[in-house]
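What follows is the content of query-v4.txt, which has compact mmCIF, C-alpha atoms:
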# COMPACT_ATOMS: atom_id res chain seq x y z
CA MET L 36 148.29 28.73 86.44
CA THR L 37 145.42 31.02 85.50
CA GLU L 38 144.32 33.53 88.12
CA PRO L 39 141.05 35.35 88.85
CA ALA L 40 140.77 38.69 87.15
CA THR L 41 141.43 41.62 89.49
CA SER L 42 138.37 43.44 88.14
CA PRO L 43 135.36 42.30 86.13
CA PRO L 44 136.37 41.80 82.48
CA PRO L 45 134.20 43.07 79.66
CA GLY L 46 131.19 40.88 78.92
CA CYS L 47 132.00 40.52 75.23
CA PRO L 48 135.40 40.09 73.58
CA ALA L 49 134.19 41.57 70.27
CA HIS L 50 136.28 44.73 70.46
CA ALA L 51 138.25 46.59 67.83
CA GLY L 52 140.83 44.31 66.34
CA ALA L 53 138.87 41.06 66.50
CA THR L 54 139.87 38.91 63.52
CA PRO L 55 137.26 37.02 61.46
CA LEU L 56 137.72 33.27 61.19
CA TYR L 57 136.11 33.15 57.77
CA GLY L 58 136.64 34.59 54.30
CA PRO L 59 139.30 34.04 51.62
CA ARG L 60 142.27 35.11 53.71
CA PHE L 61 141.53 32.71 56.55
CA GLN L 62 140.61 29.96 54.12
CA THR L 63 143.77 30.14 52.02
CA ASP L 64 146.51 30.90 54.55
CA PRO L 65 145.43 30.44 58.19
CA GLY L 66 149.03 29.78 59.23
CA GLN L 67 150.06 33.33 58.36
CA LEU L 68 147.01 34.64 60.19
CA TYR L 69 147.95 32.75 63.36
CA GLN L 70 151.43 34.31 63.24
CA GLU L 71 149.94 37.78 62.97
CA LEU L 72 147.51 37.09 65.81
CA ARG L 73 150.38 35.91 68.01
CA ARG L 74 152.42 39.05 67.27
CA THR L 75 149.47 41.36 67.88
CA HIS L 76 147.63 39.73 70.78
CA GLY L 77 149.85 37.01 72.19
CA PRO L 78 148.72 33.43 72.88
CA VAL L 79 145.01 34.28 73.24
CA ALA L 80 143.46 36.42 70.51
CA PRO L 81 140.02 38.05 70.06
CA VAL L 82 138.27 36.65 66.99
CA GLU L 83 134.82 36.47 65.50
CA LEU L 84 132.94 33.62 63.87
CA ALA L 85 130.46 33.85 61.01
CA GLY L 86 127.78 36.43 61.73
CA GLY L 87 130.10 38.50 63.92
CA VAL L 88 129.88 36.10 66.88
CA PRO L 89 132.71 36.87 69.35
CA ALA L 90 135.16 34.33 70.77
CA TRP L 91 138.73 33.92 71.97
CA LEU L 92 141.19 31.82 69.94
CA VAL L 93 143.82 30.09 72.09
CA ILE L 94 146.95 29.61 69.96
CA GLY L 95 149.55 29.33 72.71
CA TYR L 96 150.74 25.75 73.28
CA ARG L 97 151.08 26.18 77.05
CA GLU L 98 147.86 28.19 77.33
CA LEU L 99 145.89 25.58 75.40
CA GLN L 100 147.17 22.86 77.72
CA LEU L 101 146.29 24.99 80.75
CA MET L 102 142.78 25.63 79.47
CA THR L 103 141.96 22.05 78.49
CA GLY L 104 143.53 20.71 81.68
CA GLN L 105 141.32 22.81 83.98
CA PRO L 106 137.72 21.70 83.33
CA LYS L 107 136.42 23.42 86.48
CA LEU L 108 137.53 26.78 85.12
CA PHE L 109 137.01 26.17 81.40
CA GLY L 110 134.08 23.80 81.01
CA ARG L 111 132.65 21.86 78.07
CA ASP L 112 128.98 22.52 78.80
CA SER L 113 127.98 25.11 76.22
CA THR L 114 124.76 26.07 78.06
CA ARG L 115 126.85 28.63 79.97
CA TRP L 116 127.68 30.59 76.77
CA ASN L 117 126.89 34.25 77.34
CA GLN L 118 126.11 34.77 73.64
CA TRP L 119 123.17 32.37 73.31
CA PRO L 120 120.58 35.18 73.51
CA GLU L 121 122.20 36.73 70.42
CA ILE L 122 122.54 33.53 68.36
CA PRO L 123 119.93 33.16 65.56
CA ALA L 124 118.07 29.87 65.37
CA ASP L 125 119.46 29.24 61.87
CA TRP L 126 123.09 30.14 62.67
CA PRO L 127 125.08 27.71 60.46
CA LEU L 128 127.71 26.96 63.14
CA LYS L 129 125.11 26.07 65.74
CA PRO L 130 125.34 22.27 65.18
CA MET L 131 128.94 22.35 66.42
CA MET L 132 128.05 24.16 69.67
CA ALA L 133 124.41 23.49 70.50
CA PRO L 134 124.14 22.06 74.02
CA VAL L 135 123.16 18.44 73.45
CA PRO L 136 123.47 15.61 76.01
CA SER L 137 126.47 13.80 74.49
CA ILE L 138 129.95 12.79 75.60
CA LEU L 139 131.18 15.93 73.85
CA TYR L 140 129.53 18.34 76.30
CA ALA L 141 129.24 16.17 79.43
CA GLU L 142 131.28 17.16 82.47
CA GLY L 143 132.47 15.56 85.71
CA ALA L 144 131.18 12.13 86.66
CA GLU L 145 128.79 12.02 83.69
CA HIS L 146 131.64 12.59 81.27
CA GLN L 147 133.74 9.92 82.98
CA ARG L 148 130.86 7.44 82.73
CA ARG L 149 130.36 8.02 79.02
CA LYS L 150 134.04 8.25 78.13
CA ALA L 151 134.73 4.95 79.90
CA ALA L 152 132.02 3.25 77.82
CA VAL L 153 133.29 4.74 74.55
CA THR L 154 136.94 3.97 75.35
CA GLU L 155 136.21 0.33 76.22
CA ALA L 156 133.96 -0.12 73.17
CA LEU L 157 136.73 1.18 70.89
CA ALA L 158 139.37 -0.85 72.70
CA GLY L 159 137.52 -3.97 71.55
CA VAL L 160 138.60 -3.32 67.94
CA ASP L 161 141.10 -5.96 66.78
CA GLN L 162 143.95 -3.93 65.25
CA TYR L 163 145.12 -6.80 63.04
CA GLU L 164 141.64 -7.30 61.58
CA LEU L 165 141.31 -3.53 61.23
CA LYS L 166 144.46 -3.30 59.11
CA GLN L 167 143.33 -6.20 56.95
CA HIS L 168 139.97 -4.56 56.34
CA CYS L 169 141.66 -1.22 55.56
CA GLU L 170 143.83 -2.93 52.96
CA GLU L 171 140.80 -4.60 51.37
CA VAL L 172 138.84 -1.34 51.19
CA ALA L 173 141.87 0.59 49.89
CA ASP L 174 142.47 -1.95 47.11
CA ARG L 175 138.78 -1.94 46.16
CA LEU L 176 138.66 1.87 45.95
CA ILE L 177 141.91 2.07 43.98
CA ASP L 178 140.60 -0.59 41.59
CA GLY L 179 137.85 1.88 40.74
CA PHE L 180 140.28 4.43 39.25
CA ALA L 181 143.62 2.64 38.77
CA GLY L 182 143.01 2.00 35.08
CA LYS L 183 142.10 5.62 34.30
CA GLY L 184 145.45 7.26 34.97
CA GLU L 185 143.78 10.02 36.98
CA ALA L 186 141.69 10.39 40.13
CA GLU L 187 140.35 12.90 42.62
CA LEU L 188 141.67 11.59 45.91
CA VAL L 189 139.52 13.55 48.39
CA THR L 190 136.15 12.32 47.12
CA ASP L 191 137.21 8.99 45.60
CA TYR L 192 139.58 7.86 48.32
CA ALA L 193 140.34 9.92 51.45
CA HIS L 194 136.67 10.49 52.30
CA ARG L 195 135.36 7.07 51.42
CA LEU L 196 138.00 4.79 52.93
CA PRO L 197 137.78 5.85 56.61
CA LEU L 198 134.00 6.07 56.44
CA LEU L 199 133.65 2.56 55.03
CA VAL L 200 136.05 1.23 57.65
CA LEU L 201 134.44 3.11 60.54
CA GLY L 202 131.00 2.11 59.29
CA ARG L 203 131.95 -1.54 59.57
CA LEU L 204 133.40 -1.00 63.06
CA LEU L 205 130.12 0.61 64.14
CA GLY L 206 127.97 -1.99 62.38
CA LEU L 207 126.61 0.23 59.58
CA ASP L 208 125.67 -0.94 56.09
CA GLU L 209 127.94 0.26 53.26
CA ASP L 210 125.01 1.71 51.32
CA GLU L 211 124.58 4.29 54.11
CA ALA L 212 128.00 5.82 53.39
CA PRO L 213 126.89 8.46 50.81
CA VAL L 214 124.27 9.88 53.21
CA LEU L 215 126.82 10.04 56.01
CA ILE L 216 129.47 11.77 53.89
CA ALA L 217 126.99 14.38 52.66
CA GLY L 218 125.76 15.05 56.19
CA LEU L 219 129.25 15.32 57.67
CA VAL L 220 130.55 17.70 55.01
CA ALA L 221 127.46 19.92 55.18
CA MET L 222 127.69 20.21 58.95
CA LEU L 223 131.40 21.02 59.09
CA ASP L 224 131.34 23.49 56.20
CA GLY L 225 128.84 25.52 58.22
CA GLY L 226 126.68 26.45 55.23
CA ALA L 227 122.92 26.68 54.81
CA ASP L 228 122.57 22.89 54.91
CA ALA L 229 124.55 22.47 58.15
CA GLN L 230 121.63 21.79 60.47
CA ALA L 231 119.94 19.45 57.98
CA GLY L 232 123.21 17.54 57.65
CA ALA L 233 123.46 17.18 61.42
CA GLN L 234 119.92 15.80 61.55
CA ARG L 235 120.66 13.26 58.80
CA LEU L 236 123.50 11.90 60.90
CA LEU L 237 121.26 11.52 63.95
CA ASP L 238 118.62 9.71 61.90
CA VAL L 239 121.16 7.17 60.62
CA MET L 240 122.62 6.65 64.10
CA LEU L 241 119.20 6.12 65.65
CA GLY L 242 118.34 3.48 63.06
CA LEU L 243 121.64 1.73 63.78
CA VAL L 244 120.99 1.71 67.54
CA HIS L 245 117.55 0.19 67.08
CA ARG L 246 118.96 -2.56 64.84
CA LYS L 247 121.78 -3.41 67.22
CA ARG L 248 119.54 -3.35 70.28
CA ALA L 249 117.46 -6.04 68.59
CA GLU L 250 120.37 -7.99 67.07
CA PRO L 251 123.77 -7.30 68.74
CA GLY L 252 126.95 -8.09 66.84
CA PRO L 253 130.76 -7.85 67.17
CA ASP L 254 130.80 -4.08 66.72
CA VAL L 255 131.32 -0.84 68.67
CA THR L 256 127.59 -0.04 68.78
CA SER L 257 126.69 -3.37 70.36
CA ARG L 258 129.50 -3.03 72.91
CA LEU L 259 128.24 0.44 73.85
CA LEU L 260 124.69 -0.83 74.24
CA GLY L 261 125.88 -3.70 76.43
CA HIS L 262 128.31 -1.69 78.56
CA GLU L 263 127.87 -1.66 82.33
CA ALA L 264 127.43 2.13 82.21
CA GLY L 265 123.86 1.41 81.14
CA LEU L 266 123.65 3.95 78.30
CA THR L 267 120.19 4.63 76.90
CA ASP L 268 119.43 4.39 73.19
CA GLU L 269 119.52 8.18 72.90
CA GLU L 270 122.86 8.39 74.73
CA VAL L 271 124.37 5.76 72.44
CA MET L 272 122.92 7.47 69.36
CA ARG L 273 124.46 10.82 70.27
CA ASP L 274 127.82 9.35 71.28
CA LEU L 275 127.96 7.34 68.07
CA ARG L 276 127.54 10.55 66.13
CA VAL L 277 130.48 12.02 68.05
CA ILE L 278 132.57 8.90 67.32
CA LEU L 279 131.71 9.08 63.63
CA ILE L 280 132.43 12.80 63.25
CA ALA L 281 135.59 12.72 65.37
CA GLY L 282 136.74 9.53 63.69
CA HIS L 283 135.94 10.21 60.05
CA GLN L 284 136.60 13.86 59.27
CA PRO L 285 140.01 14.27 60.93
CA CYS L 286 141.16 10.93 59.52
CA ALA L 287 139.92 11.68 55.99
CA TYR L 288 141.57 15.08 55.92
CA TRP L 289 144.69 13.73 57.62
CA ILE L 290 145.07 11.37 54.67
CA SER L 291 144.47 14.07 52.04
CA ASN L 292 146.65 16.67 53.82
CA ALA L 293 149.53 14.20 54.12
CA LEU L 294 149.16 13.29 50.44
CA ARG L 295 149.21 16.98 49.53
CA LEU L 296 152.48 17.42 51.44
CA MET L 297 153.94 14.38 49.69
CA LEU L 298 152.95 15.78 46.28
CA THR L 299 153.96 19.43 46.83
CA ASP L 300 156.75 19.54 49.43
CA ASP L 301 160.03 18.31 47.89
CA ARG L 302 161.73 17.84 51.27
CA PHE L 303 158.81 15.87 52.62
CA ALA L 304 158.50 13.71 49.49
CA ALA L 305 162.24 13.03 49.17
CA SER L 306 162.51 11.98 52.77
CA LEU L 307 159.61 9.55 52.39
CA SER L 308 160.58 8.08 49.01
CA GLY L 309 164.21 7.80 50.07
CA GLY L 310 163.30 5.55 52.95
CA ARG L 311 164.51 7.99 55.61
CA ARG L 312 161.12 7.91 57.31
CA SER L 313 158.14 5.61 57.48
CA VAL L 314 154.62 6.52 56.47
CA ALA L 315 153.77 6.66 60.18
CA GLN L 316 156.53 9.24 60.74
CA ALA L 317 155.36 11.25 57.74
CA LEU L 318 151.81 11.24 59.10
CA ALA L 319 153.04 12.46 62.48
CA GLU L 320 154.78 15.38 60.79
CA ALA L 321 151.61 16.15 58.84
CA LEU L 322 149.80 16.60 62.17
CA TRP L 323 152.30 19.29 63.08
CA GLU L 324 152.33 21.00 59.69
CA ASP L 325 148.73 20.68 58.49
CA THR L 326 146.61 19.19 61.25
CA PRO L 327 143.11 18.47 59.88
CA THR L 328 141.22 19.84 62.89
CA GLN L 329 142.71 23.32 63.04
CA ILE L 330 140.16 24.81 65.46
CA PHE L 331 137.84 23.06 67.88
CA ALA L 332 134.85 24.51 69.67
CA GLY L 333 135.36 24.87 72.46
CA ARG L 334 135.49 25.72 76.16
CA TRP L 335 133.33 28.15 78.12
CA ALA L 336 134.68 30.10 81.09
CA THR L 337 132.89 29.17 84.31
CA ARG L 338 133.83 32.50 85.95
CA ASP L 339 135.72 35.71 85.29
CA THR L 340 139.40 34.89 84.88
CA GLN L 341 142.54 35.56 82.87
CA LEU L 342 144.39 33.53 80.27
CA GLY L 343 147.39 34.48 78.17
CA GLY L 344 147.16 38.10 79.29
CA GLN L 345 143.50 38.45 78.28
CA ARG L 346 140.59 39.17 80.61
CA ILE L 347 138.01 36.44 80.08
CA ALA L 348 134.41 36.90 81.20
CA ALA L 349 132.25 34.15 82.66
CA GLY L 350 130.45 32.44 79.77
CA ASP L 351 132.94 33.54 77.09
CA LEU L 352 133.66 31.05 74.34
CA LEU L 353 137.28 29.94 73.94
CA LEU L 354 138.25 28.10 70.76
CA LEU L 355 141.02 25.51 70.77
CA GLY L 356 143.48 26.77 68.15
CA LEU L 357 145.14 23.38 67.64
CA ALA L 358 146.92 24.34 64.41
CA GLY L 359 148.05 27.67 65.85
CA ALA L 360 149.35 26.04 69.04
CA ASN L 361 151.30 23.51 66.98
CA THR L 362 153.24 26.42 65.42
CA ASP L 363 153.98 28.11 68.75
CA PRO L 364 157.71 29.04 68.67
CA SER L 365 158.06 27.71 72.21
CA VAL L 366 157.65 24.12 70.95
CA ARG L 367 159.22 24.35 67.49
CA GLN L 368 162.84 24.30 66.39
CA PRO L 369 164.37 27.56 65.07
CA ASP L 370 163.70 26.50 61.46
CA GLY L 371 160.05 25.85 62.28
CA THR L 372 160.15 22.04 62.05
CA PRO L 373 159.31 19.75 64.96
CA ALA L 374 161.97 17.44 66.37
CA GLU L 375 162.20 14.09 64.58
CA GLY L 376 159.78 11.67 66.19
CA ASN L 377 158.18 14.39 68.32
CA ARG L 378 154.56 13.38 68.91
CA ALA L 379 153.69 16.14 71.37
CA HIS L 380 151.40 17.85 68.86
CA LEU L 381 147.90 18.82 69.95
CA ALA L 382 146.03 17.22 67.05
CA TYR L 383 144.20 14.95 69.51
CA SER L 384 143.57 17.85 71.91
CA TYR L 385 144.60 17.60 75.56
CA GLY L 386 143.15 16.97 79.00
CA PRO L 387 140.06 14.99 80.07
CA HIS L 388 138.26 15.60 76.77
CA SER L 389 141.16 14.58 74.55
CA CYS L 390 140.68 11.81 72.01
CA PRO L 391 140.68 8.36 73.73
CA PHE L 392 143.83 6.37 73.03
CA PRO L 393 142.03 3.47 71.26
CA ALA L 394 140.53 6.01 68.87
CA GLN L 395 143.98 7.44 68.16
CA GLU L 396 145.31 3.94 67.43
CA THR L 397 142.43 3.24 65.06
CA ALA L 398 142.90 6.53 63.20
CA GLU L 399 146.63 5.90 62.77
CA VAL L 400 146.06 2.41 61.37
CA ILE L 401 143.46 3.70 58.89
CA ALA L 402 145.54 6.67 57.71
CA ALA L 403 148.84 4.79 57.45
CA THR L 404 147.28 1.85 55.61
CA ALA L 405 145.46 4.17 53.19
CA ILE L 406 148.70 5.87 52.16
CA GLU L 407 150.85 2.73 52.14
CA VAL L 408 148.48 0.89 49.80
CA LEU L 409 148.04 3.92 47.54
CA LEU L 410 151.77 4.51 47.14
CA ASP L 411 152.39 0.80 46.60
CA ARG L 412 149.71 0.57 43.89
CA LEU L 413 150.46 3.93 42.21
CA PRO L 414 154.16 4.69 42.83
CA ASP L 415 154.39 7.55 40.29
CA LEU L 416 151.48 9.49 41.77
CA ARG L 417 151.71 13.21 40.93
CA LEU L 418 149.59 16.34 41.29
CA ALA L 419 147.45 16.95 38.19
CA VAL L 420 147.07 20.72 38.71
CA ALA L 421 149.28 23.56 39.86
CA GLU L 422 149.59 23.72 43.64
CA HIS L 423 148.07 27.20 43.75
CA ALA L 424 144.95 25.84 42.04
CA LEU L 425 144.09 23.65 45.04
CA VAL L 426 141.03 24.93 46.93
CA TRP L 427 140.48 24.68 50.68
CA ARG L 428 137.11 24.02 52.29
CA PRO L 429 135.33 27.13 53.69
CA SER L 430 135.32 25.80 57.26
CA ALA L 431 136.36 27.43 60.52
CA TRP L 432 137.05 24.00 62.01
CA VAL L 433 138.94 21.84 59.53
CA ARG L 434 141.93 22.43 57.29
CA ALA L 435 140.85 20.40 54.30
CA LEU L 436 141.05 20.41 50.53
CA VAL L 437 137.91 20.44 48.42
CA ALA L 438 139.69 18.22 45.90
CA LEU L 439 143.10 16.67 45.25
CA PRO L 440 143.35 15.76 41.54
CA VAL L 441 146.24 13.45 40.68
CA ALA L 442 147.66 11.63 37.67
CA PHE L 443 149.65 8.41 37.39
CA THR L 444 150.51 5.61 35.02
CA PRO L 445 147.36 3.51 34.56
CA GLY L 446 147.65 0.29 36.53
CA TYR L 447 145.73 -2.94 36.97
CA GLN L 448 143.18 -4.13 39.44
CA ALA L 449 144.56 -5.77 42.57
CA GLY L 450 142.65 -8.96 41.91
Please express the file's structure as structure tokens.
Amino acid sequence: MTEPATSPPPGCPAHAGATPLYGPRFQTDPGQLYQELRRTHGPVAPVELAGGVPAWLVIGYRELQLMTGQPKLFGRDSTRWNQWPEIPADWPLKPMMAPVPSILYAEGAEHQRRKAAVTEALAGVDQYELKQHCEEVADRLIDGFAGKGEAELVTDYAHRLPLLVLGRLLGLDEDEAPVLIAGLVAMLDGGADAQAGAQRLLDVMLGLVHRKRAEPGPDVTSRLLGHEAGLTDEEVMRDLRVILIAGHQPCAYWISNALRLMLTDDRFAASLSGGRRSVAQALAEALWEDTPTQIFAGRWATRDTQLGGQRIAAGDLLLLGLAGANTDPSVRQPDGTPAEGNRAHLAYSYGPHSCPFPAQETAEVIAATAIEVLLDRLPDLRLAVAEHALVWRPSAWVRALVALPVAFTPGYQAG
């Protein structure tokens, strides 16, 4: 259990030794950085975000569970952040932390109300129909490059497939997909276009809500609008954006990260191709080894306290180091690999704000189907560049490739 600090902690964790969560070193090898942070600071490390903004990174498995399981001590409402007076209006990471009235930042009874509506709306997805639709979309996308003998799987496949599938579940039109992808990537990369990308997403969601309020259909948006929780149009709009971001980006990068492991890790590839594990088992291991959401923002301390040996001030920002916690030696075997079938990873977070189970089911169906169809259609898939030439996105939040170029024997269209 965490305990109150015996004396007031410093008001800002940006002291000597804070490690930047940006730049080439973090971008190329965050795993090594997490190991160094653990050796130097323990399970909770002082870090800084772009612009020198201070935070704590929680990379201890037990400490992350403690933090996310105690919402009264570590809350989701970012209005309590003690750094807001220092944050510039154009700070590129602001869209991921700005206090907006959505399920993401709601607490207590309000969070329970909104999470119940979202969970029940997602639970209405027919998993059999979902898999069928995933297979249809996967075949259609593969048809677009199967005859060429080469493809770029992040842009042409891993990004597009989950967005097209999720778009249909929400009731979106397919021609809105390019706008959504551009907005999502801009926001998560945290560049100059981050806030504009976030606004584009809201605009699309608001248009969807208005359409479905007038003409409901068999989709998640209509079920949210008709839920007994009585969500307003604005509440549905904002929660839909959360569903889209939380559903698309981790799933897209889960697919591409798992494919990268299959194409570059001989042990991983041999085990899969030799039939010793299913695609679902391979995907579960990918969440341990290369979880797409490596850091999540965040929690804010409601009072002065302690965690992992660090003195945390009221209003301090604590980042969920999901990837770092997954490599905590306390939950890994001596050789660094998780136990076979172990699904206790933190890729879906933990506690009251963890990913709803129906959303986890949907993500797993999408990711597994995407890889199964791809490997069935293109069995000799291989990396088209040297592994060291692969480039990672410049994001503090996601562990994701910019591109995954592959080659294969040209095939034929599914139809």
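Atom pair CA of Asp301 in chain L / CA of Thr404 in chain L: separated by 22.2 Å.
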Extract, using only C-alpha atoms, all DNA, RNA and protein residues at most 10 Å from range 214-219 of chain L, discarding same-chain residues fewer than 3 positions from it, and format them as a PDB file with C-alpha atoms, in the coordinates of the input.
ATOM      1  CA  THR L 190     136.150  12.320  47.120  1.00  0.00           C
ATOM      2  CA  HIS L 194     136.670  10.490  52.300  1.00  0.00           C
ATOM      3  CA  ARG L 195     135.360   7.070  51.420  1.00  0.00           C
ATOM      4  CA  LEU L 198     134.000   6.070  56.440  1.00  0.00           C
ATOM      5  CA  GLY L 202     131.000   2.110  59.290  1.00  0.00           C
ATOM      6  CA  ASP L 210     125.010   1.710  51.320  1.00  0.00           C
ATOM      7  CA  GLU L 211     124.580   4.290  54.110  1.00  0.00           C
ATOM      8  CA  MET L 222     127.690  20.210  58.950  1.00  0.00           C
ATOM      9  CA  LEU L 223     131.400  21.020  59.090  1.00  0.00           C
ATOM     10  CA  ASP L 224     131.340  23.490  56.200  1.00  0.00           C
ATOM     11  CA  ASP L 228     122.570  22.890  54.910  1.00  0.00           C
ATOM     12  CA  ALA L 229     124.550  22.470  58.150  1.00  0.00           C
ATOM     13  CA  GLN L 230     121.630  21.790  60.470  1.00  0.00           C
ATOM     14  CA  ALA L 231     119.940  19.450  57.980  1.00  0.00           C
ATOM     15  CA  GLY L 232     123.210  17.540  57.650  1.00  0.00           C
ATOM     16  CA  ALA L 233     123.460  17.180  61.420  1.00  0.00           C
ATOM     17  CA  GLN L 234     119.920  15.800  61.550  1.00  0.00           C
ATOM     18  CA  ARG L 235     120.660  13.260  58.800  1.00  0.00           C
ATOM     19  CA  LEU L 236     123.500  11.900  60.900  1.00  0.00           C
ATOM     20  CA  LEU L 237     121.260  11.520  63.950  1.00  0.00           C
ATOM     21  CA  VAL L 239     121.160   7.170  60.620  1.00  0.00           C
ATOM     22  CA  MET L 240     122.620   6.650  64.100  1.00  0.00           C
ATOM     23  CA  ARG L 276     127.540  10.550  66.130  1.00  0.00           C
ATOM     24  CA  LEU L 279     131.710   9.080  63.630  1.00  0.00           C
ATOM     25  CA  ILE L 280     132.430  12.800  63.250  1.00  0.00           C
ATOM     26  CA  HIS L 283     135.940  10.210  60.050  1.00  0.00           C
ATOM     27  CA  GLN L 284     136.600  13.860  59.270  1.00  0.00           C
TER      28      GLN L 284
END
### Query
Any idea what's packed within 6 Å of range 101-104 of chain L, counting all atoms listed in the file, ignoring anything in its chain fewer than 2 positions away? Could you give it as a ChimeraX atom specification?
/L:98-99,385-386
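Residues with any atom within 12 Å of Glu164 in chain L, counting all atoms listed in the file and excluding same-chain neighbours fewer than 6 positions away, are Glu170, Glu171, Val200, Arg203, Leu204, Thr397, Val400 and Ile401 of chain L.
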### Summary
What separates CA of Gly87 in chain L and CA of Gln62 in chain L is a distance of 16.7 Å
Near-range 285-291 of chain L list (8 Å; all atoms listed in the file; drop same-chain fewer than 6 positions) as a short mmCIF file (atom, residue, chain, number, x, y, z; two decimals) with C-alpha atoms, keeping the file's coordinate frame:
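Now in part-v1.cif:
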data_model
loop_
_atom_site.label_atom_id
_atom_site.label_comp_id
_atom_site.auth_asym_id
_atom_site.auth_seq_id
_atom_site.Cartn_x
_atom_site.Cartn_y
_atom_site.Cartn_z
CA LEU L 188 141.67 11.59 45.91
CA VAL L 189 139.52 13.55 48.39
CA ALA L 193 140.34 9.92 51.45
CA HIS L 194 136.67 10.49 52.30
CA ARG L 195 135.36 7.07 51.42
CA LEU L 196 138.00 4.79 52.93
CA PRO L 197 137.78 5.85 56.61
CA LEU L 318 151.81 11.24 59.10
CA ALA L 321 151.61 16.15 58.84
CA LEU L 322 149.80 16.60 62.17
CA THR L 326 146.61 19.19 61.25
CA PRO L 327 143.11 18.47 59.88
CA THR L 328 141.22 19.84 62.89
CA ALA L 398 142.90 6.53 63.20
CA ILE L 401 143.46 3.70 58.89
CA ALA L 402 145.54 6.67 57.71
CA ALA L 405 145.46 4.17 53.19
CA ILE L 406 148.70 5.87 52.16
CA VAL L 433 138.94 21.84 59.53
CA ARG L 434 141.93 22.43 57.29
CA ALA L 435 140.85 20.40 54.30
CA LEU L 436 141.05 20.41 50.53
CA LEU L 439 143.10 16.67 45.25
#
### Length of the CA of Leu416 in chain L to CA of Tyr192 in chain L vector [Å]
13.7 Å
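Minimum distance to Ala158 in chain L across L:Val255, L:Leu201, L:Ala281, L:Ala360 (counting all atoms listed in the file) occurs at L:Val255.
Nearest to Glu422 in chain L of all the residues L:Ser389, L:Gln345, L:Thr299, L:Thr444 is L:Thr299, counting all atoms listed in the file.
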### Query
Between L:Glu83, L:Trp119, L:Pro78, L:Arg412, which is the closest to Gly52 in chain L once you count all atoms listed in the file?
L:Glu83
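Between Val408 in chain L and the residues L:Ser257, L:Gln316, L:Thr267, L:Gln167, the shortest atom-to-atom distance, using only C-alpha atoms, involves L:Gln167.
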### Query
Leaving out range 125-141 of chain L and any residue of its chain fewer than 4 positions from it, which residues lie within 9 Å of it when counting all atoms listed in the file, given as a count of residues only?
35
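Distances here use all atoms listed in the file; by that measure, the residue among L:Asp208, L:Gly159, L:Phe331, L:Met297 closest to Pro253 in chain L is L:Gly159.
Proximity of L:Gln118, L:Ala379, L:Ala403, L:Ala181 to Ala442 in chain L, computed with only C-alpha atoms, is greatest for L:Ala181.
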Check which residues of range 283-344 of chain L sit at most 10 Å from range 348-355 of chain L using only C-alpha atoms, and return one row each with the closest pair of atoms and their distance in Å to one decimal, ordered by chain and rising number, as CSV.
residue,atom,partner,partner_atom,distance
L:Thr328,CA,L:Leu355,CA,9.7
L:Gln329,CA,L:Leu355,CA,8.2
L:Ile330,CA,L:Leu355,CA,5.4
L:Phe331,CA,L:Leu355,CA,4.9
L:Ala332,CA,L:Leu354,CA,5.1
L:Gly333,CA,L:Leu354,CA,4.7
L:Arg334,CA,L:Leu353,CA,5.1
L:Trp335,CA,L:Leu352,CA,4.8
L:Ala336,CA,L:Ala349,CA,5.0
L:Thr337,CA,L:Ala349,CA,5.3
L:Arg338,CA,L:Ala349,CA,4.0
L:Asp339,CA,L:Ala348,CA,4.5
L:Thr340,CA,L:Ala348,CA,6.5
L:Gln341,CA,L:Ala348,CA,8.4
